[in-house]
>>> print(open('target.txt').read())   # compact mmCIF, N, CA and C atoms
# COMPACT_ATOMS: atom_id res chain seq x y z
N MET A 273 123.70 87.58 197.30
CA MET A 273 124.21 88.62 196.43
C MET A 273 123.04 89.43 195.91
N ALA A 274 123.07 90.71 196.14
CA ALA A 274 121.96 91.58 195.73
C ALA A 274 122.03 91.86 194.24
N GLU A 275 120.86 91.79 193.62
CA GLU A 275 120.78 92.06 192.18
C GLU A 275 120.61 93.55 191.97
N LYS A 276 121.40 94.13 191.10
CA LYS A 276 121.30 95.55 190.83
C LYS A 276 120.99 95.76 189.36
N GLY A 277 120.37 96.84 189.07
CA GLY A 277 120.11 97.16 187.68
C GLY A 277 118.64 97.30 187.37
N ILE A 278 118.35 97.33 186.10
CA ILE A 278 117.00 97.61 185.64
C ILE A 278 116.05 96.45 185.89
N PHE A 279 116.56 95.22 185.97
CA PHE A 279 115.72 94.04 186.16
C PHE A 279 115.54 93.66 187.63
N ALA A 280 116.06 94.46 188.54
CA ALA A 280 115.97 94.13 189.96
C ALA A 280 114.50 94.12 190.40
N GLY A 281 114.10 93.07 191.05
CA GLY A 281 112.76 92.99 191.59
C GLY A 281 111.71 92.49 190.61
N LEU A 282 112.08 92.24 189.37
CA LEU A 282 111.12 91.74 188.39
C LEU A 282 111.08 90.22 188.43
N PRO A 283 109.95 89.64 188.07
CA PRO A 283 109.86 88.17 188.05
C PRO A 283 110.81 87.56 187.01
N TRP A 284 111.13 86.27 187.18
CA TRP A 284 112.06 85.60 186.30
C TRP A 284 111.56 85.55 184.86
N TRP A 285 110.24 85.44 184.67
CA TRP A 285 109.71 85.30 183.32
C TRP A 285 109.86 86.58 182.52
N VAL A 286 109.97 87.72 183.18
CA VAL A 286 110.19 88.99 182.46
C VAL A 286 111.59 88.99 181.87
N LYS A 287 112.57 88.55 182.67
CA LYS A 287 113.96 88.55 182.21
C LYS A 287 114.22 87.49 181.14
N TRP A 288 113.61 86.31 181.32
CA TRP A 288 113.97 85.18 180.48
C TRP A 288 112.98 84.88 179.37
N LEU A 289 111.79 85.45 179.39
CA LEU A 289 110.80 85.19 178.35
C LEU A 289 110.33 86.47 177.64
N ALA A 290 109.91 87.46 178.41
CA ALA A 290 109.33 88.65 177.81
C ALA A 290 110.36 89.51 177.08
N VAL A 291 111.49 89.74 177.71
CA VAL A 291 112.52 90.60 177.09
C VAL A 291 113.09 89.96 175.82
N PRO A 292 113.50 88.68 175.82
CA PRO A 292 113.97 88.09 174.56
C PRO A 292 112.89 88.05 173.47
N ALA A 293 111.63 87.84 173.86
CA ALA A 293 110.55 87.85 172.87
C ALA A 293 110.40 89.23 172.25
N LEU A 294 110.49 90.28 173.05
CA LEU A 294 110.40 91.64 172.51
C LEU A 294 111.58 91.96 171.60
N VAL A 295 112.77 91.50 171.98
CA VAL A 295 113.95 91.72 171.13
C VAL A 295 113.76 91.03 169.79
N LEU A 296 113.24 89.80 169.80
CA LEU A 296 113.01 89.09 168.54
C LEU A 296 111.94 89.76 167.69
N VAL A 297 110.91 90.30 168.32
CA VAL A 297 109.86 90.99 167.56
C VAL A 297 110.41 92.25 166.92
N VAL A 298 111.17 93.02 167.69
CA VAL A 298 111.67 94.30 167.18
C VAL A 298 112.80 94.11 166.17
N PHE A 299 113.77 93.23 166.49
CA PHE A 299 114.95 93.08 165.67
C PHE A 299 114.97 91.79 164.86
N GLY A 300 113.86 91.08 164.78
CA GLY A 300 113.81 89.80 164.09
C GLY A 300 114.19 89.89 162.62
N GLY A 301 113.68 90.89 161.93
CA GLY A 301 114.00 91.07 160.52
C GLY A 301 115.48 91.36 160.31
N LEU A 302 116.04 92.19 161.14
CA LEU A 302 117.46 92.52 161.04
C LEU A 302 118.32 91.30 161.33
N ILE A 303 117.95 90.54 162.36
CA ILE A 303 118.70 89.33 162.70
C ILE A 303 118.67 88.34 161.55
N MET A 304 117.50 88.15 160.93
CA MET A 304 117.38 87.20 159.82
C MET A 304 118.16 87.69 158.60
N THR A 305 118.17 88.99 158.36
CA THR A 305 118.93 89.54 157.23
C THR A 305 120.43 89.31 157.42
N VAL A 306 120.93 89.60 158.60
CA VAL A 306 122.35 89.42 158.89
C VAL A 306 122.71 87.93 158.82
N LEU A 307 121.86 87.08 159.40
CA LEU A 307 122.12 85.65 159.38
C LEU A 307 122.11 85.10 157.95
N GLY A 308 121.16 85.56 157.13
CA GLY A 308 121.12 85.14 155.73
C GLY A 308 122.35 85.59 154.97
N PHE A 309 122.81 86.81 155.24
CA PHE A 309 124.01 87.32 154.58
C PHE A 309 125.24 86.50 154.95
N VAL A 310 125.37 86.16 156.24
CA VAL A 310 126.53 85.38 156.70
C VAL A 310 126.51 83.98 156.08
N ILE A 311 125.33 83.35 156.04
CA ILE A 311 125.23 82.02 155.46
C ILE A 311 125.55 82.06 153.97
N ALA A 312 125.06 83.06 153.26
CA ALA A 312 125.35 83.20 151.83
C ALA A 312 126.85 83.43 151.60
N LEU A 313 127.46 84.22 152.45
CA LEU A 313 128.89 84.50 152.32
C LEU A 313 129.72 83.23 152.55
N VAL A 314 129.37 82.45 153.55
CA VAL A 314 130.09 81.20 153.81
C VAL A 314 129.90 80.23 152.65
N PHE A 315 128.68 80.14 152.13
CA PHE A 315 128.42 79.25 150.99
C PHE A 315 129.24 79.67 149.77
N LYS A 316 129.29 80.96 149.48
CA LYS A 316 130.07 81.44 148.34
C LYS A 316 131.56 81.20 148.53
N ALA A 317 132.04 81.36 149.77
CA ALA A 317 133.46 81.11 150.04
C ALA A 317 133.79 79.63 149.84
N LEU A 318 132.92 78.73 150.31
CA LEU A 318 133.14 77.30 150.11
C LEU A 318 133.06 76.92 148.63
N LEU A 319 132.13 77.53 147.91
CA LEU A 319 132.02 77.29 146.48
C LEU A 319 133.27 77.76 145.75
N LEU A 320 133.80 78.90 146.13
CA LEU A 320 135.03 79.41 145.52
C LEU A 320 136.19 78.46 145.78
N VAL A 321 136.32 77.98 147.01
CA VAL A 321 137.40 77.05 147.34
C VAL A 321 137.27 75.76 146.52
N ALA A 322 136.03 75.25 146.39
CA ALA A 322 135.82 74.02 145.61
C ALA A 322 136.13 74.24 144.14
N LEU A 323 135.75 75.39 143.58
CA LEU A 323 136.04 75.66 142.17
C LEU A 323 137.54 75.82 141.92
N ILE A 324 138.23 76.51 142.81
CA ILE A 324 139.68 76.67 142.65
C ILE A 324 140.37 75.32 142.79
N GLY A 325 139.94 74.50 143.74
CA GLY A 325 140.51 73.17 143.89
C GLY A 325 140.27 72.32 142.66
N GLY A 326 139.06 72.39 142.09
CA GLY A 326 138.77 71.65 140.87
C GLY A 326 139.60 72.12 139.70
N LEU A 327 139.78 73.43 139.59
CA LEU A 327 140.59 73.99 138.52
C LEU A 327 142.04 73.52 138.64
N ILE A 328 142.58 73.55 139.85
CA ILE A 328 143.96 73.10 140.06
C ILE A 328 144.08 71.61 139.72
N PHE A 329 143.09 70.81 140.13
CA PHE A 329 143.10 69.38 139.83
C PHE A 329 143.08 69.13 138.32
N VAL A 330 142.21 69.83 137.60
CA VAL A 330 142.10 69.63 136.14
C VAL A 330 143.38 70.07 135.45
N VAL A 331 143.93 71.21 135.83
CA VAL A 331 145.14 71.71 135.20
C VAL A 331 146.31 70.76 135.45
N LYS A 332 146.45 70.27 136.67
CA LYS A 332 147.54 69.33 136.97
C LYS A 332 147.35 68.02 136.23
N LYS A 333 146.10 67.58 136.08
CA LYS A 333 145.85 66.32 135.39
C LYS A 333 146.23 66.44 133.91
N PHE A 334 145.89 67.55 133.28
CA PHE A 334 146.20 67.70 131.86
C PHE A 334 147.66 68.05 131.60
N THR A 335 148.29 68.78 132.51
CA THR A 335 149.69 69.14 132.28
C THR A 335 150.62 68.00 132.65
N SER A 336 150.19 67.07 133.49
CA SER A 336 151.06 65.96 133.83
C SER A 336 151.15 64.96 132.68
N GLY A 337 150.17 64.94 131.79
CA GLY A 337 150.20 64.02 130.65
C GLY A 337 151.12 64.50 129.54
N SER A 338 151.51 65.74 129.57
CA SER A 338 152.38 66.26 128.52
C SER A 338 153.80 65.75 128.73
N SER A 339 154.47 65.40 127.62
CA SER A 339 155.81 64.80 127.73
C SER A 339 156.87 65.85 128.01
N SER A 340 156.69 67.05 127.49
CA SER A 340 157.70 68.09 127.68
C SER A 340 157.08 69.21 128.52
N LYS A 341 157.70 69.49 129.67
CA LYS A 341 157.20 70.56 130.53
C LYS A 341 157.92 71.87 130.26
N SER A 342 158.81 71.89 129.29
CA SER A 342 159.54 73.13 129.00
C SER A 342 158.94 73.84 127.80
N ASP A 343 157.62 73.62 127.54
CA ASP A 343 156.98 74.29 126.42
C ASP A 343 156.80 75.78 126.65
N TRP A 344 156.83 76.19 127.88
CA TRP A 344 156.59 77.60 128.20
C TRP A 344 157.81 78.37 127.79
>>> encode(input="target.txt", output="structure tokens")
Amino acid sequence: MAEKGIFAGLPWWVKWLAVPALVLVVFGGLIMTVLGFVIALVFKALLLVALIGGLIFVVKKFTSGSSSKSDW
């Protein structure tokens, strides 16, 4: 199968080592910024879920001890 395109005829190390290294050098800061943003977003989402779950647990624990639930 004939290889077509811009990488045709180039050694394997250009395709698999040099090009990815250049991409990391040029876009490394952008990649790290996006990755940091995604990790921070996931952490905040998990923290929100844990806080809401804790709030629901505390509210149910305190309201279940009340003798009359028709106070509202």
>>> atom_distance(input="target.txt", atom1="atom CA of A:Gly326", atom2="atom N of A:Val310")
25.0 Å
>>> select_by_dssp(input="target.txt", residues="chain A", states="helix (DSSP H, G or I)", output="MDAnalysis selection string")
chainID A and resid 284:336
>>> atom_distance(input="target.txt", atom1="atom C of A:Lys276", atom2="atom N of A:Trp288")
14.4 Å
